[in-house]
>>> print(open('coords02.cif').read())   # mmCIF, N, CA and C atoms
data_final
loop_
_atom_site.label_atom_id
_atom_site.label_comp_id
_atom_site.auth_asym_id
_atom_site.auth_seq_id
_atom_site.Cartn_x
_atom_site.Cartn_y
_atom_site.Cartn_z
N GLN A 24 -36.06 62.14 23.85
CA GLN A 24 -34.60 62.08 23.83
C GLN A 24 -34.06 62.25 25.24
N VAL A 25 -33.18 61.36 25.62
CA VAL A 25 -32.61 61.39 26.96
C VAL A 25 -31.44 62.36 26.99
N GLN A 26 -31.46 63.24 27.98
CA GLN A 26 -30.34 64.15 28.18
C GLN A 26 -29.91 64.11 29.64
N LEU A 27 -28.62 64.05 29.85
CA LEU A 27 -28.02 64.11 31.18
C LEU A 27 -27.12 65.33 31.22
N VAL A 28 -27.28 66.13 32.26
CA VAL A 28 -26.49 67.36 32.38
C VAL A 28 -25.80 67.37 33.74
N GLU A 29 -24.47 67.35 33.70
CA GLU A 29 -23.69 67.41 34.92
C GLU A 29 -23.38 68.86 35.29
N SER A 30 -23.22 69.09 36.58
CA SER A 30 -22.82 70.41 37.07
C SER A 30 -22.09 70.24 38.39
N GLY A 31 -21.46 71.31 38.83
CA GLY A 31 -20.82 71.30 40.13
C GLY A 31 -19.31 71.18 40.11
N GLY A 32 -18.74 70.99 38.93
CA GLY A 32 -17.29 70.90 38.85
C GLY A 32 -16.63 72.24 39.09
N GLY A 33 -15.30 72.22 39.19
CA GLY A 33 -14.58 73.45 39.40
C GLY A 33 -13.16 73.19 39.82
N LEU A 34 -12.51 74.25 40.27
CA LEU A 34 -11.13 74.19 40.75
C LEU A 34 -11.14 74.20 42.27
N VAL A 35 -10.45 73.25 42.87
CA VAL A 35 -10.42 73.15 44.33
C VAL A 35 -9.02 72.73 44.76
N GLN A 36 -8.63 73.13 45.94
CA GLN A 36 -7.33 72.72 46.48
C GLN A 36 -7.41 71.30 47.02
N ALA A 37 -6.29 70.64 47.03
CA ALA A 37 -6.22 69.30 47.61
C ALA A 37 -6.76 69.33 49.04
N GLY A 38 -7.55 68.31 49.36
CA GLY A 38 -8.19 68.26 50.67
C GLY A 38 -9.58 68.86 50.69
N GLY A 39 -9.93 69.57 49.64
CA GLY A 39 -11.24 70.21 49.56
C GLY A 39 -12.34 69.27 49.11
N SER A 40 -13.53 69.84 48.92
CA SER A 40 -14.71 69.05 48.56
C SER A 40 -15.46 69.70 47.40
N LEU A 41 -16.14 68.86 46.66
CA LEU A 41 -17.06 69.30 45.63
C LEU A 41 -18.25 68.35 45.61
N ARG A 42 -19.38 68.86 45.18
CA ARG A 42 -20.56 68.02 45.00
C ARG A 42 -21.03 68.15 43.56
N LEU A 43 -20.98 67.05 42.85
CA LEU A 43 -21.44 67.03 41.47
C LEU A 43 -22.89 66.62 41.41
N SER A 44 -23.61 67.20 40.46
CA SER A 44 -25.00 66.85 40.24
C SER A 44 -25.19 66.40 38.80
N CYS A 45 -26.16 65.54 38.61
CA CYS A 45 -26.51 65.07 37.27
C CYS A 45 -28.03 65.09 37.18
N ALA A 46 -28.54 65.94 36.32
CA ALA A 46 -29.98 66.06 36.13
C ALA A 46 -30.38 65.44 34.80
N ALA A 47 -31.49 64.72 34.81
CA ALA A 47 -31.91 64.00 33.61
C ALA A 47 -33.22 64.56 33.08
N SER A 48 -33.35 64.49 31.78
CA SER A 48 -34.63 64.76 31.12
C SER A 48 -34.83 63.71 30.04
N GLY A 49 -36.09 63.41 29.75
CA GLY A 49 -36.39 62.42 28.73
C GLY A 49 -36.37 60.99 29.23
N ARG A 50 -36.02 60.79 30.48
CA ARG A 50 -36.04 59.45 31.07
C ARG A 50 -36.28 59.60 32.57
N THR A 51 -37.14 58.77 33.10
CA THR A 51 -37.35 58.74 34.55
C THR A 51 -36.29 57.83 35.15
N LEU A 52 -35.39 58.44 35.91
CA LEU A 52 -34.22 57.71 36.40
C LEU A 52 -34.54 56.66 37.45
N SER A 53 -35.71 56.72 38.04
CA SER A 53 -35.99 55.86 39.18
C SER A 53 -35.93 54.38 38.85
N SER A 54 -35.94 54.01 37.57
CA SER A 54 -35.88 52.60 37.18
C SER A 54 -34.49 52.19 36.71
N TYR A 55 -33.54 53.09 36.76
CA TYR A 55 -32.23 52.82 36.16
C TYR A 55 -31.08 53.01 37.12
N THR A 56 -30.16 52.07 37.09
CA THR A 56 -28.90 52.25 37.77
C THR A 56 -28.14 53.39 37.10
N MET A 57 -27.46 54.19 37.92
CA MET A 57 -26.70 55.33 37.42
C MET A 57 -25.23 55.19 37.81
N GLY A 58 -24.37 55.69 36.95
CA GLY A 58 -22.95 55.63 37.23
C GLY A 58 -22.26 56.96 37.02
N TRP A 59 -21.13 57.12 37.70
CA TRP A 59 -20.22 58.23 37.47
C TRP A 59 -18.90 57.65 36.98
N PHE A 60 -18.37 58.27 35.95
CA PHE A 60 -17.07 57.91 35.41
C PHE A 60 -16.23 59.18 35.29
N ARG A 61 -14.94 59.03 35.12
CA ARG A 61 -14.09 60.20 34.93
C ARG A 61 -13.00 59.88 33.92
N GLN A 62 -12.48 60.94 33.32
CA GLN A 62 -11.40 60.78 32.36
C GLN A 62 -10.40 61.91 32.53
N ALA A 63 -9.18 61.53 32.82
CA ALA A 63 -8.09 62.50 32.95
C ALA A 63 -7.41 62.65 31.59
N PRO A 64 -6.75 63.79 31.36
CA PRO A 64 -6.06 64.00 30.09
C PRO A 64 -5.07 62.88 29.78
N GLY A 65 -5.16 62.32 28.60
CA GLY A 65 -4.24 61.27 28.19
C GLY A 65 -4.53 59.90 28.77
N LYS A 66 -5.63 59.80 29.50
CA LYS A 66 -5.96 58.50 30.11
C LYS A 66 -7.33 58.03 29.64
N GLU A 67 -7.58 56.74 29.84
CA GLU A 67 -8.88 56.19 29.48
C GLU A 67 -9.91 56.56 30.54
N ARG A 68 -11.16 56.56 30.11
CA ARG A 68 -12.25 56.80 31.05
C ARG A 68 -12.29 55.67 32.08
N GLU A 69 -12.52 56.02 33.33
CA GLU A 69 -12.54 55.01 34.39
C GLU A 69 -13.77 55.15 35.26
N PHE A 70 -14.16 54.03 35.81
CA PHE A 70 -15.31 53.97 36.71
C PHE A 70 -15.01 54.68 38.01
N VAL A 71 -16.00 55.40 38.53
CA VAL A 71 -15.87 56.06 39.82
C VAL A 71 -16.86 55.46 40.83
N ALA A 72 -18.15 55.47 40.48
CA ALA A 72 -19.16 54.99 41.42
C ALA A 72 -20.44 54.66 40.67
N ALA A 73 -21.25 53.80 41.26
CA ALA A 73 -22.56 53.46 40.70
C ALA A 73 -23.55 53.29 41.83
N ILE A 74 -24.81 53.54 41.51
CA ILE A 74 -25.89 53.37 42.49
C ILE A 74 -27.06 52.70 41.79
N SER A 75 -27.65 51.71 42.46
CA SER A 75 -28.75 50.97 41.85
C SER A 75 -29.99 51.85 41.75
N TRP A 76 -30.95 51.40 40.91
CA TRP A 76 -32.14 52.21 40.62
C TRP A 76 -32.91 52.61 41.88
N ASN A 77 -32.88 51.72 42.88
CA ASN A 77 -33.64 51.99 44.10
C ASN A 77 -32.78 52.59 45.21
N GLY A 78 -31.50 52.78 44.93
CA GLY A 78 -30.60 53.37 45.91
C GLY A 78 -30.10 52.41 46.97
N ASP A 79 -30.49 51.14 46.88
CA ASP A 79 -30.11 50.18 47.92
C ASP A 79 -28.67 49.70 47.80
N ASN A 80 -28.10 49.82 46.63
CA ASN A 80 -26.76 49.30 46.38
C ASN A 80 -25.86 50.38 45.79
N THR A 81 -24.63 50.38 46.23
CA THR A 81 -23.62 51.27 45.66
C THR A 81 -22.33 50.49 45.43
N ASN A 82 -21.54 51.03 44.54
CA ASN A 82 -20.25 50.42 44.23
C ASN A 82 -19.27 51.54 43.94
N TYR A 83 -18.05 51.41 44.43
CA TYR A 83 -17.05 52.47 44.27
C TYR A 83 -15.73 51.90 43.77
N ALA A 84 -15.04 52.71 43.00
CA ALA A 84 -13.67 52.37 42.66
C ALA A 84 -12.84 52.42 43.93
N ASP A 85 -11.85 51.56 44.02
CA ASP A 85 -11.01 51.51 45.22
C ASP A 85 -10.35 52.87 45.49
N SER A 86 -10.04 53.59 44.43
CA SER A 86 -9.31 54.86 44.58
C SER A 86 -10.15 55.95 45.23
N VAL A 87 -11.47 55.79 45.27
CA VAL A 87 -12.32 56.84 45.84
C VAL A 87 -13.10 56.36 47.06
N LYS A 88 -13.00 55.07 47.36
CA LYS A 88 -13.77 54.50 48.46
C LYS A 88 -13.41 55.21 49.76
N GLY A 89 -14.43 55.60 50.51
CA GLY A 89 -14.21 56.29 51.77
C GLY A 89 -14.13 57.80 51.63
N ARG A 90 -13.98 58.28 50.40
CA ARG A 90 -13.89 59.74 50.16
C ARG A 90 -15.08 60.26 49.37
N PHE A 91 -15.60 59.44 48.47
CA PHE A 91 -16.72 59.85 47.61
C PHE A 91 -17.99 59.12 48.04
N THR A 92 -19.12 59.80 47.85
CA THR A 92 -20.42 59.19 48.13
C THR A 92 -21.37 59.49 46.99
N ILE A 93 -21.94 58.43 46.42
CA ILE A 93 -22.94 58.59 45.37
C ILE A 93 -24.32 58.49 46.01
N SER A 94 -25.23 59.32 45.53
CA SER A 94 -26.60 59.30 46.04
C SER A 94 -27.54 59.69 44.92
N ARG A 95 -28.83 59.51 45.19
CA ARG A 95 -29.80 59.87 44.17
C ARG A 95 -31.06 60.40 44.82
N ASP A 96 -31.77 61.24 44.10
CA ASP A 96 -33.07 61.75 44.52
C ASP A 96 -34.00 61.51 43.34
N ASN A 97 -34.72 60.42 43.39
CA ASN A 97 -35.56 60.07 42.25
C ASN A 97 -36.70 61.06 42.05
N ALA A 98 -37.11 61.70 43.12
CA ALA A 98 -38.16 62.72 42.99
C ALA A 98 -37.67 63.90 42.16
N LYS A 99 -36.37 64.16 42.21
CA LYS A 99 -35.78 65.25 41.43
C LYS A 99 -35.13 64.75 40.14
N ASN A 100 -35.24 63.44 39.92
CA ASN A 100 -34.65 62.85 38.72
C ASN A 100 -33.17 63.20 38.60
N SER A 101 -32.48 63.08 39.72
CA SER A 101 -31.08 63.51 39.78
C SER A 101 -30.22 62.53 40.56
N VAL A 102 -28.94 62.56 40.24
CA VAL A 102 -27.93 61.77 40.93
C VAL A 102 -26.80 62.70 41.34
N TYR A 103 -26.14 62.37 42.44
CA TYR A 103 -25.12 63.25 42.99
C TYR A 103 -23.84 62.46 43.29
N LEU A 104 -22.75 63.19 43.32
CA LEU A 104 -21.47 62.61 43.75
C LEU A 104 -20.81 63.61 44.70
N GLN A 105 -20.82 63.28 45.97
CA GLN A 105 -20.13 64.09 46.98
C GLN A 105 -18.68 63.64 47.04
N MET A 106 -17.78 64.57 46.81
CA MET A 106 -16.35 64.24 46.77
C MET A 106 -15.63 65.01 47.87
N ASN A 107 -15.08 64.28 48.80
CA ASN A 107 -14.33 64.88 49.92
C ASN A 107 -12.86 64.46 49.84
N SER A 108 -12.05 65.18 50.59
CA SER A 108 -10.61 64.87 50.65
C SER A 108 -10.02 64.70 49.26
N LEU A 109 -10.32 65.64 48.42
CA LEU A 109 -9.90 65.53 47.01
C LEU A 109 -8.39 65.56 46.88
N LYS A 110 -7.91 64.82 45.90
CA LYS A 110 -6.48 64.71 45.61
C LYS A 110 -6.22 65.17 44.17
N PRO A 111 -5.00 65.59 43.89
CA PRO A 111 -4.70 66.00 42.50
C PRO A 111 -5.02 64.91 41.48
N GLU A 112 -4.86 63.66 41.87
CA GLU A 112 -5.16 62.55 40.94
C GLU A 112 -6.65 62.37 40.68
N ASP A 113 -7.49 63.11 41.38
CA ASP A 113 -8.92 63.09 41.09
C ASP A 113 -9.28 64.03 39.94
N THR A 114 -8.32 64.79 39.47
CA THR A 114 -8.56 65.72 38.37
C THR A 114 -9.03 65.00 37.12
N GLY A 115 -10.05 65.54 36.47
CA GLY A 115 -10.55 64.95 35.24
C GLY A 115 -11.92 65.48 34.90
N ASN A 116 -12.43 65.01 33.78
CA ASN A 116 -13.79 65.33 33.38
C ASN A 116 -14.70 64.22 33.91
N TYR A 117 -15.73 64.61 34.63
CA TYR A 117 -16.61 63.65 35.29
C TYR A 117 -17.92 63.55 34.52
N TYR A 118 -18.31 62.32 34.23
CA TYR A 118 -19.51 62.03 33.45
C TYR A 118 -20.49 61.19 34.24
N CYS A 119 -21.77 61.52 34.12
CA CYS A 119 -22.78 60.61 34.64
C CYS A 119 -23.38 59.85 33.45
N ALA A 120 -23.92 58.68 33.77
CA ALA A 120 -24.46 57.82 32.73
C ALA A 120 -25.58 56.97 33.30
N THR A 121 -26.49 56.56 32.42
CA THR A 121 -27.61 55.74 32.84
C THR A 121 -27.53 54.36 32.18
N ASP A 122 -27.82 53.34 32.97
CA ASP A 122 -27.75 51.96 32.49
C ASP A 122 -28.72 51.75 31.33
N ARG A 123 -28.39 50.79 30.48
CA ARG A 123 -29.21 50.54 29.30
C ARG A 123 -30.48 49.76 29.59
N ALA A 124 -30.59 49.18 30.77
CA ALA A 124 -31.77 48.36 31.09
C ALA A 124 -32.39 48.79 32.41
N LYS A 125 -33.66 48.61 32.52
CA LYS A 125 -34.34 48.93 33.77
C LYS A 125 -34.01 47.91 34.85
N THR A 126 -33.95 48.39 36.07
CA THR A 126 -33.79 47.58 37.28
C THR A 126 -32.68 46.55 37.15
N TYR A 127 -31.58 46.94 36.57
CA TYR A 127 -30.43 46.06 36.44
C TYR A 127 -29.34 46.51 37.40
N TRP A 128 -28.78 45.55 38.12
CA TRP A 128 -27.67 45.85 39.02
C TRP A 128 -26.77 44.63 39.12
N SER A 129 -25.50 44.83 38.84
CA SER A 129 -24.53 43.77 39.02
C SER A 129 -23.15 44.41 39.04
N SER A 130 -22.15 43.59 39.23
CA SER A 130 -20.78 44.08 39.20
C SER A 130 -20.44 44.66 37.82
N ASP A 131 -21.23 44.29 36.81
CA ASP A 131 -21.03 44.86 35.48
C ASP A 131 -21.21 46.37 35.46
N ASN A 132 -21.89 46.89 36.47
CA ASN A 132 -22.12 48.33 36.48
C ASN A 132 -20.86 49.14 36.77
N ARG A 133 -19.74 48.47 36.88
CA ARG A 133 -18.45 49.14 36.92
C ARG A 133 -17.92 49.36 35.50
N MET A 134 -18.59 48.77 34.53
CA MET A 134 -18.11 48.79 33.15
C MET A 134 -18.92 49.76 32.31
N SER A 135 -18.22 50.52 31.48
CA SER A 135 -18.90 51.56 30.70
C SER A 135 -19.89 50.98 29.68
N PHE A 136 -19.71 49.73 29.25
CA PHE A 136 -20.60 49.17 28.24
C PHE A 136 -22.04 49.03 28.74
N ARG A 137 -22.22 49.06 30.07
CA ARG A 137 -23.57 48.95 30.63
C ARG A 137 -24.40 50.21 30.40
N TYR A 138 -23.77 51.30 30.04
CA TYR A 138 -24.44 52.59 30.01
C TYR A 138 -24.63 53.07 28.58
N ASN A 139 -25.85 53.51 28.28
CA ASN A 139 -26.11 53.91 26.90
C ASN A 139 -26.40 55.40 26.74
N TYR A 140 -26.56 56.12 27.83
CA TYR A 140 -26.71 57.57 27.73
C TYR A 140 -25.71 58.23 28.67
N TRP A 141 -25.02 59.23 28.13
CA TRP A 141 -23.96 59.91 28.86
C TRP A 141 -24.16 61.42 28.80
N GLY A 142 -23.75 62.09 29.88
CA GLY A 142 -23.74 63.54 29.84
C GLY A 142 -22.48 64.06 29.15
N GLN A 143 -22.36 65.37 29.07
CA GLN A 143 -21.22 66.00 28.42
C GLN A 143 -20.03 66.14 29.36
N GLY A 144 -20.28 65.98 30.64
CA GLY A 144 -19.19 66.03 31.61
C GLY A 144 -19.04 67.38 32.28
N THR A 145 -18.44 67.35 33.45
CA THR A 145 -18.09 68.56 34.18
C THR A 145 -16.65 68.41 34.67
N GLN A 146 -15.87 69.46 34.49
CA GLN A 146 -14.44 69.39 34.78
C GLN A 146 -14.17 69.60 36.27
N VAL A 147 -13.36 68.73 36.82
CA VAL A 147 -12.89 68.85 38.19
C VAL A 147 -11.37 68.97 38.15
N THR A 148 -10.85 70.02 38.75
CA THR A 148 -9.41 70.23 38.81
C THR A 148 -9.01 70.40 40.26
N VAL A 149 -8.09 69.56 40.73
CA VAL A 149 -7.63 69.61 42.10
C VAL A 149 -6.16 70.04 42.09
N SER A 150 -5.90 71.16 42.71
CA SER A 150 -4.52 71.67 42.74
C SER A 150 -3.81 71.20 44.00
N SER A 151 -2.52 71.01 43.88
CA SER A 151 -1.73 70.52 45.03
C SER A 151 -1.22 71.66 45.88
#
>>> encode(input="coords02.cif", output="C-alpha cells")
Amino acid sequence: QVQLVESGGGLVQAGGSLRLSCAASGRTLSSYTMGWFRQAPGKEREFVAAISWNGDNTNYADSVKGRFTISRDNAKNSVYLQMNSLKPEDTGNYYCATDRAKTYWSSDNRMSFRYNYWGQGTQVTVSS
C-alpha cells in the first residue's frame, strides 16, 4: 500500500520561508513524477509544482514561479518544496502526489488526474 506523508507546514509571517517534505512508503518514487498541489478554504485544489522522476524537469504554477523550488532525493524516497517569500495567498493545505505511471512527464503533470496517490496534506498559514 502506497502512503505519502507530508510535513513541514506551519504558521509563518509574510515574507518568510517554509520547507515541506513528502516521504513515501510502499512505492519507490524514483520512477515516478511527483507533484505538489494546494487547496485554500472555499477554493478548488490547484497545481503548485511538479518534478519528473529523474529530477531533470520541473514545472511551476505562475503564482509561485521564482519563489518556490521543488526537489527530490530518490535515495530518501522523498520530495521537497522550498517556499520562500511567502504571501498570505499561499495559505492552504499542501498535498504531495505521485503520478499514476512510471517515467511519465508532460504538461499533463499540472493536472490532478495524473496522480493516483495523495498524502493527507500539511497546513501552511501565512499571516500578513
>>> closest_residue(input="coords02.cif", among="A:Pro64, A:Trp59, A:Asp79, A:Ser53", to="A:Ala98", atoms="all atoms listed in the file")
A:Ser53
>>> resolve_selection(input="coords02.cif", expression="the PyMOL selection byres ((chain A and resi 80-90) around 6)", output="compact mmCIF listing (two decimals) with N, CA and C atoms, in the frame of the given file")
# COMPACT_ATOMS: atom_id res chain seq x y z
N PHE A 70 -14.16 54.03 35.81
CA PHE A 70 -15.31 53.97 36.71
C PHE A 70 -15.01 54.68 38.01
N VAL A 71 -16.00 55.40 38.53
CA VAL A 71 -15.87 56.06 39.82
C VAL A 71 -16.86 55.46 40.83
N ALA A 72 -18.15 55.47 40.48
CA ALA A 72 -19.16 54.99 41.42
C ALA A 72 -20.44 54.66 40.67
N ALA A 73 -21.25 53.80 41.26
CA ALA A 73 -22.56 53.46 40.70
C ALA A 73 -23.55 53.29 41.83
N ILE A 74 -24.81 53.54 41.51
CA ILE A 74 -25.89 53.37 42.49
C ILE A 74 -27.06 52.70 41.79
N SER A 75 -27.65 51.71 42.46
CA SER A 75 -28.75 50.97 41.85
C SER A 75 -29.99 51.85 41.75
N ASN A 77 -32.88 51.72 42.88
CA ASN A 77 -33.64 51.99 44.10
C ASN A 77 -32.78 52.59 45.21
N GLY A 78 -31.50 52.78 44.93
CA GLY A 78 -30.60 53.37 45.91
C GLY A 78 -30.10 52.41 46.97
N ASP A 79 -30.49 51.14 46.88
CA ASP A 79 -30.11 50.18 47.92
C ASP A 79 -28.67 49.70 47.80
N PHE A 91 -15.60 59.44 48.47
CA PHE A 91 -16.72 59.85 47.61
C PHE A 91 -17.99 59.12 48.04
N THR A 92 -19.12 59.80 47.85
CA THR A 92 -20.42 59.19 48.13
C THR A 92 -21.37 59.49 46.99
N GLN A 105 -20.82 63.28 45.97
CA GLN A 105 -20.13 64.09 46.98
C GLN A 105 -18.68 63.64 47.04
N MET A 106 -17.78 64.57 46.81
CA MET A 106 -16.35 64.24 46.77
C MET A 106 -15.63 65.01 47.87
N ASN A 107 -15.08 64.28 48.80
CA ASN A 107 -14.33 64.88 49.92
C ASN A 107 -12.86 64.46 49.84
N SER A 108 -12.05 65.18 50.59
CA SER A 108 -10.61 64.87 50.65
C SER A 108 -10.02 64.70 49.26
>>> select_by_dssp(input="coords02.cif", residues="chain A", states="helix (DSSP H, G or I)", output="ChimeraX atom specification")
/A:52-54,97-99,111-113,130-133,135-137
>>> atom_distance(input="coords02.cif", atom1="atom CA of A:Glu67", atom2="atom N of A:Asp113")
13.8 Å
>>> resolve_selection(input="coords02.cif", expression="the PyMOL selection byres (((chain A and resi 139-142 and name CA) around 7) and name CA)", output="count of residues only")
14
>>> resolve_selection(input="coords02.cif", expression="the PyMOL selection byres (((chain A and resi 48 and name CA) around 8) and name CA)", output="compact mmCIF listing (two decimals) with N, CA and C atoms, keeping the file's coordinate frame")
# COMPACT_ATOMS: atom_id res chain seq x y z
N GLN A 24 -36.06 62.14 23.85
CA GLN A 24 -34.60 62.08 23.83
C GLN A 24 -34.06 62.25 25.24
N VAL A 25 -33.18 61.36 25.62
CA VAL A 25 -32.61 61.39 26.96
C VAL A 25 -31.44 62.36 26.99
N GLN A 26 -31.46 63.24 27.98
CA GLN A 26 -30.34 64.15 28.18
C GLN A 26 -29.91 64.11 29.64
N LEU A 27 -28.62 64.05 29.85
CA LEU A 27 -28.02 64.11 31.18
C LEU A 27 -27.12 65.33 31.22
N ALA A 46 -28.54 65.94 36.32
CA ALA A 46 -29.98 66.06 36.13
C ALA A 46 -30.38 65.44 34.80
N ALA A 47 -31.49 64.72 34.81
CA ALA A 47 -31.91 64.00 33.61
C ALA A 47 -33.22 64.56 33.08
N GLY A 49 -36.09 63.41 29.75
CA GLY A 49 -36.39 62.42 28.73
C GLY A 49 -36.37 60.99 29.23
N ARG A 50 -36.02 60.79 30.48
CA ARG A 50 -36.04 59.45 31.07
C ARG A 50 -36.28 59.60 32.57
N THR A 51 -37.14 58.77 33.10
CA THR A 51 -37.35 58.74 34.55
C THR A 51 -36.29 57.83 35.15
N ASN A 100 -35.24 63.44 39.92
CA ASN A 100 -34.65 62.85 38.72
C ASN A 100 -33.17 63.20 38.60
>>> select_by_dssp(input="coords02.cif", residues="stretch 90-149 of chain A", states="strand (DSSP E)", output="MDAnalysis selection string")
chainID A and resid 91:96 101:106 115:125 138:141 145:149
>>> write_last_selection(input="coords02.cif", atoms="N, CA and C atoms", output="compact mmCIF listing (two decimals), in the coordinates of the input")
# COMPACT_ATOMS: atom_id res chain seq x y z
N PHE A 91 -15.60 59.44 48.47
CA PHE A 91 -16.72 59.85 47.61
C PHE A 91 -17.99 59.12 48.04
N THR A 92 -19.12 59.80 47.85
CA THR A 92 -20.42 59.19 48.13
C THR A 92 -21.37 59.49 46.99
N ILE A 93 -21.94 58.43 46.42
CA ILE A 93 -22.94 58.59 45.37
C ILE A 93 -24.32 58.49 46.01
N SER A 94 -25.23 59.32 45.53
CA SER A 94 -26.60 59.30 46.04
C SER A 94 -27.54 59.69 44.92
N ARG A 95 -28.83 59.51 45.19
CA ARG A 95 -29.80 59.87 44.17
C ARG A 95 -31.06 60.40 44.82
N ASP A 96 -31.77 61.24 44.10
CA ASP A 96 -33.07 61.75 44.52
C ASP A 96 -34.00 61.51 43.34
N SER A 101 -32.48 63.08 39.72
CA SER A 101 -31.08 63.51 39.78
C SER A 101 -30.22 62.53 40.56
N VAL A 102 -28.94 62.56 40.24
CA VAL A 102 -27.93 61.77 40.93
C VAL A 102 -26.80 62.70 41.34
N TYR A 103 -26.14 62.37 42.44
CA TYR A 103 -25.12 63.25 42.99
C TYR A 103 -23.84 62.46 43.29
N LEU A 104 -22.75 63.19 43.32
CA LEU A 104 -21.47 62.61 43.75
C LEU A 104 -20.81 63.61 44.70
N GLN A 105 -20.82 63.28 45.97
CA GLN A 105 -20.13 64.09 46.98
C GLN A 105 -18.68 63.64 47.04
N MET A 106 -17.78 64.57 46.81
CA MET A 106 -16.35 64.24 46.77
C MET A 106 -15.63 65.01 47.87
N GLY A 115 -10.05 65.54 36.47
CA GLY A 115 -10.55 64.95 35.24
C GLY A 115 -11.92 65.48 34.90
N ASN A 116 -12.43 65.01 33.78
CA ASN A 116 -13.79 65.33 33.38
C ASN A 116 -14.70 64.22 33.91
N TYR A 117 -15.73 64.61 34.63
CA TYR A 117 -16.61 63.65 35.29
C TYR A 117 -17.92 63.55 34.52
N TYR A 118 -18.31 62.32 34.23
CA TYR A 118 -19.51 62.03 33.45
C TYR A 118 -20.49 61.19 34.24
N CYS A 119 -21.77 61.52 34.12
CA CYS A 119 -22.78 60.61 34.64
C CYS A 119 -23.38 59.85 33.45
N ALA A 120 -23.92 58.68 33.77
CA ALA A 120 -24.46 57.82 32.73
C ALA A 120 -25.58 56.97 33.30
N THR A 121 -26.49 56.56 32.42
CA THR A 121 -27.61 55.74 32.84
C THR A 121 -27.53 54.36 32.18
N ASP A 122 -27.82 53.34 32.97
CA ASP A 122 -27.75 51.96 32.49
C ASP A 122 -28.72 51.75 31.33
N ARG A 123 -28.39 50.79 30.48
CA ARG A 123 -29.21 50.54 29.30
C ARG A 123 -30.48 49.76 29.59
N ALA A 124 -30.59 49.18 30.77
CA ALA A 124 -31.77 48.36 31.09
C ALA A 124 -32.39 48.79 32.41
N LYS A 125 -33.66 48.61 32.52
CA LYS A 125 -34.34 48.93 33.77
C LYS A 125 -34.01 47.91 34.85
N TYR A 138 -23.77 51.30 30.04
CA TYR A 138 -24.44 52.59 30.01
C TYR A 138 -24.63 53.07 28.58
N ASN A 139 -25.85 53.51 28.28
CA ASN A 139 -26.11 53.91 26.90
C ASN A 139 -26.40 55.40 26.74
N TYR A 140 -26.56 56.12 27.83
CA TYR A 140 -26.71 57.57 27.73
C TYR A 140 -25.71 58.23 28.67
N TRP A 141 -25.02 59.23 28.13
CA TRP A 141 -23.96 59.91 28.86
C TRP A 141 -24.16 61.42 28.80
N THR A 145 -18.44 67.35 33.45
CA THR A 145 -18.09 68.56 34.18
C THR A 145 -16.65 68.41 34.67
N GLN A 146 -15.87 69.46 34.49
CA GLN A 146 -14.44 69.39 34.78
C GLN A 146 -14.17 69.60 36.27
N VAL A 147 -13.36 68.73 36.82
CA VAL A 147 -12.89 68.85 38.19
C VAL A 147 -11.37 68.97 38.15
N THR A 148 -10.85 70.02 38.75
CA THR A 148 -9.41 70.23 38.81
C THR A 148 -9.01 70.40 40.26
N VAL A 149 -8.09 69.56 40.73
CA VAL A 149 -7.63 69.61 42.10
C VAL A 149 -6.16 70.04 42.09
>>> axis_aligned_box(input="coords02.cif", around="stretch 107-121 of chain A", padding_each_side="3 Å", output="lines of an AutoDock Vina configuration file")
center_x = -16.2
center_y = 60.2
center_z = 41.4
size_x = 28.9
size_y = 17.6
size_z = 24.5
>>> closest_residue(input="coords02.cif", among="A:Lys99, A:Arg68, A:Gly31, A:Trp76", to="A:Trp128", atoms="only N, CA and C atoms")
A:Trp76
>>> atom_distance(input="coords02.cif", atom1="atom CA of A:Asn97", atom2="atom CA of A:Ala63")
29.1 Å
